[in-house]
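*Asks:* I'd like to ask you about the structure that follows.
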Amino acid sequence: MKVFLNKTIPQAGMRLLQGSTKVELIQPTSENLSKEEWLDYCRQAAIIANVGKNTFDKDFFDQCPNVKAIALFSVGYDHVAIEEASKRKIAVTNTPNVLSKATSDVAFLLMQAVARKASYNFDKVRTGKWDADLDPTEDLGQQLYGKTLGVFGLGRIGYEMAKKSKYAFDMDIIYHNRNRNHQIEKELDAQYVSFNELVQLADVLSIHANYSYEQENLFNRAVFEQMKSNAILINTARGGFINEDDVYEALTSGKIWGAGLDVTNPEPMKTTSALLSLSNVCILPHIGSATEEARNGMAELMAQNVLAFAENREMPTIVNP
Ligand code: DGY
């Protein structure tokens, strides 16, 4: 079966794909394809093994009628029109679990970086503004011990973030999710709250939900108005959740205290973004899953999904309902 892999993935996955007699691997001559070149490759294949943000919408499915399965190298699948794929019986798989620790590590890192003004302080060192004279009242951060973490989306990554925060800083955990999770509530003494309560009570609000376009700008001026003035907003999910003009206004007017973002809208963030001028933010270039362990796990899982489809077996992590 012809499989189009748009980018080379870590060895663990390449080995599986290259070692299979059921798979004929198509790889592009360049990794920077135009949309038309990319579509030309996709038209040749039955399975698309996709790294990155290419969009799989109705137009794509119309243009590539031979495609029968899409194996994503990501846990998020907001770039795939799942209903349309399901209607056409196109299987879509993602790479859950294997990146939960790595991505929640970045949320945890951002929470601490913002609480202790790490970007701002690093800039002081870099630009020669490190003043050796101690000023007991200047540039103070805040302590996380005993504060309340609000988790928006208590899936695998949200759970890992909650667990670290609970055990490292004895934080109280509140969460909002489509469904309650009684087991996690018990394990972490976590409390299910409404969306409004989450926003109003959290000292740190960390976004971990699956993103869909209906949730674009969910975190906007009206939400920031309700948050605590000491609140830190963390986003390692998708940039589209946050209205960036509104968060800028909230950060500069003191409605919230700081923000740590591993995802932005658009990506890459424009270097002219006003958010980059602020001292109470820490922004990273979408590195949530960027560890050797997570990327190897993602590569292996994507390859296992491809092989399962090629061998007519059940795909391990299918996302179609
Ligand atoms: C994911 O796996 O969804 C990460 O955000 C990388 O895109």
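The way I read the labels, and the way they are meant: chains A, B, ... in the order of the structure tokens, residue 1 as the first residue of every chain, and ligand 1 as the first ligand shown, with later ones counted on from there.
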Which residues of chain A come within 6 Å of ligand 1, and for each one, what is the closest pair of atoms and their distance in Å to one decimal, counting only C-alpha atoms and all ligand atoms, sorted by chain and residue number, as a Markdown table?
*Replies:*
```
| residue | atom | partner | partner_atom_place_in_ligand_line | distance |
| --- | --- | --- | --- | --- |
| A:Ser74 | CA | ligand 1 | 2 (O) | 3.2 |
| A:Val75 | CA | ligand 1 | 2 (O) | 3.8 |
| A:Gly76 | CA | ligand 1 | 3 (O) | 3.5 |
```
*Asks:* Compile the contact shell of Gln143 (chain A) as a ChimeraX atom specification: residues with an atom at most 9 Å away, counting only C-alpha atoms, same-chain residues fewer than 4 positions apart removed.
*Replies:* /A:112,115-116,147
*Asks:* Store the residues picked out above, limited to N, CA and C atoms, as an mmCIF file, in the first residue's frame.
*Replies:*
```
data_model
loop_
_atom_site.group_PDB
_atom_site.id
_atom_site.type_symbol
_atom_site.label_atom_id
_atom_site.label_comp_id
_atom_site.auth_asym_id
_atom_site.auth_seq_id
_atom_site.Cartn_x
_atom_site.Cartn_y
_atom_site.Cartn_z
ATOM 1 N N GLN A 112 5.996 28.047 36.293
ATOM 2 C CA GLN A 112 7.061 28.520 37.182
ATOM 3 C C GLN A 112 7.807 29.699 36.574
ATOM 4 N N ALA A 115 5.618 32.696 37.070
ATOM 5 C CA ALA A 115 5.518 33.052 38.492
ATOM 6 C C ALA A 115 6.792 33.740 38.983
ATOM 7 N N ARG A 116 7.962 33.338 38.438
ATOM 8 C CA ARG A 116 9.231 33.919 38.888
ATOM 9 C C ARG A 116 9.848 34.840 37.839
ATOM 10 N N LYS A 147 -1.438 27.336 46.160
ATOM 11 C CA LYS A 147 -2.352 28.101 45.294
ATOM 12 C C LYS A 147 -3.308 27.132 44.586
#
```
*Asks:* Which residues are near region 288-299 of chain A? Cut-off 6 Å, only C-alpha atoms, ignore same chain within fewer than 4 positions. Put them as a list in words.
*Replies:* Ile9, Pro10, Ala12, Gly13, Thr95, Val98, Leu99, Ala102, Thr103 and Val106 of chain A
*Asks:* Tell me which protein, DNA and RNA residues are within 7 Å of region 162-170 of chain A, counting only C-alpha atoms, leaving out same-chain ones fewer than 2 positions away, and put them as a ChimeraX atom specification.
*Replies:* /A:144-146,158-160,172-173,188
*Asks:* Rounded to one decimal in Å, what is the spacing between CA of Glu36 (chain A) and CA of Glu214 (chain A)?
*Replies:*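 Between these atoms lies a distance of 28.4 Å.
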*Asks:* As an exercise, work out the distance from CA of Val281 (chain A) to CA of Tyr77 (chain A) in Å and give it to one decimal place.
*Replies:*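 Going from CA of Val281 (chain A) over to CA of Tyr77 (chain A) covers 27.1 Å.
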*Asks:* Give me the residues within 9 Å of region 4-7 of chain A as a short mmCIF file (atom, residue, chain, number, x, y, z; two decimals) with C-alpha atoms, in the first residue's frame, counting only C-alpha atoms and dropping any in the same chain fewer than 5 places off.
*Replies:*
```cif
data_model
loop_
_atom_site.label_atom_id
_atom_site.label_comp_id
_atom_site.auth_asym_id
_atom_site.auth_seq_id
_atom_site.Cartn_x
_atom_site.Cartn_y
_atom_site.Cartn_z
CA GLU A 24 5.52 1.30 -0.25
CA LEU A 25 6.89 4.50 1.22
CA ILE A 26 6.74 7.72 -0.81
CA GLN A 27 8.91 10.54 0.53
CA PRO A 28 9.25 13.96 -1.09
CA SER A 30 12.16 18.40 -0.52
CA GLU A 31 10.46 18.90 2.85
CA LEU A 33 6.51 21.59 -0.57
CA TRP A 38 2.00 18.36 -1.51
CA TYR A 41 2.09 13.48 -3.53
CA CYS A 42 -1.12 12.89 -1.55
CA GLN A 44 -0.60 9.02 -5.25
CA ALA A 45 -1.14 7.47 -1.81
CA ALA A 46 -3.75 5.44 0.06
CA ILE A 47 -2.34 6.42 3.44
CA ILE A 48 -1.09 9.87 4.39
CA ALA A 49 1.39 9.79 7.27
CA ASN A 50 1.40 13.47 8.14
CA VAL A 51 3.80 15.57 10.15
CA GLY A 52 2.69 19.17 10.75
#
```
*Asks:* Identify, with DSSP run on backbone atoms, the residues in region 43-288 of chain A assigned to strand (DSSP E or B), and express the list as number ranges by chain.
*Replies:* A: 47-50, 56, 69-72, 80, 91-93, 148-152, 172-176, 191-192, 204-207, 219, 232-235, 242, 258-261, 281-283
*Asks:* With only C-alpha atoms as the counted atoms, please give the residues lying no more than 10 Å from Ile234 (chain A), apart from itself and same-chain residues fewer than 2 positions off, as a list of chain:residue names.
*Replies:* A:Val106, A:Ala107, A:Phe108, A:Leu109, A:Leu110, A:Met111, A:Val114, A:Val151, A:Val204, A:Leu205, A:Ser206, A:Ile207, A:His208, A:Ala231, A:Ile232, A:Thr236, A:Ala237, A:Gly258, A:Ala259, A:Gly260, A:Leu261, A:Asp262, A:Val263, A:Val281, A:Cys282, A:Ile283
*Asks:* Closest to Gln200 (chain A) among A:Gly141, A:Gly240, A:Gly150, A:Gly128, using only C-alpha atoms?
*Replies:*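 Residue with the minimum atom-to-atom distance to Gln200 (chain A): A:Gly150.
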*Asks:* Interatomic distance between CA of Gln226 (chain A) and CA of Val199 (chain A)?
*Replies:*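 Between CA of Gln226 (chain A) and CA of Val199 (chain A) the gap works out to 6.5 Å.
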*Asks:* List every residue of region 10-171 of chain A that DSSP, applied to the backbone of this structure, assigns to alpha helix (DSSP H), and report them as number ranges by chain.
*Replies:* A: 11-18, 35-43, 58-63, 82-87, 100-115, 118-126, 156-169
*Asks:* Just the residues within 10 Å of Lys255 (chain A), please, counting only C-alpha atoms, with nothing from its chain fewer than 2 positions along; format it as a list in words.
*Replies:*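 Answer for this query is Arg221, Phe224, Glu225, Gln226, Met227, Lys228, Ser229, Asn230, Ala231, Val247, Glu249, Ala250, Leu251, Thr252, Ser253, Trp257 and Gly258 of chain A.
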*Asks:* Write out as a Markdown table the residues of region 16-97 of chain A that have any atom within 7 Å of an atom of region 306-311 of chain A, one row each with the nearest atom pair and its distance in Å to one decimal, counting only C-alpha atoms, sorted by chain and then rising number.
*Replies:*
```
| residue | atom | partner | partner_atom | distance |
| --- | --- | --- | --- | --- |
| A:Lys22 | CA | A:Ala310 | CA | 6.1 |
| A:Val23 | CA | A:Ala310 | CA | 6.8 |
| A:Ala71 | CA | A:Val306 | CA | 6.4 |
```
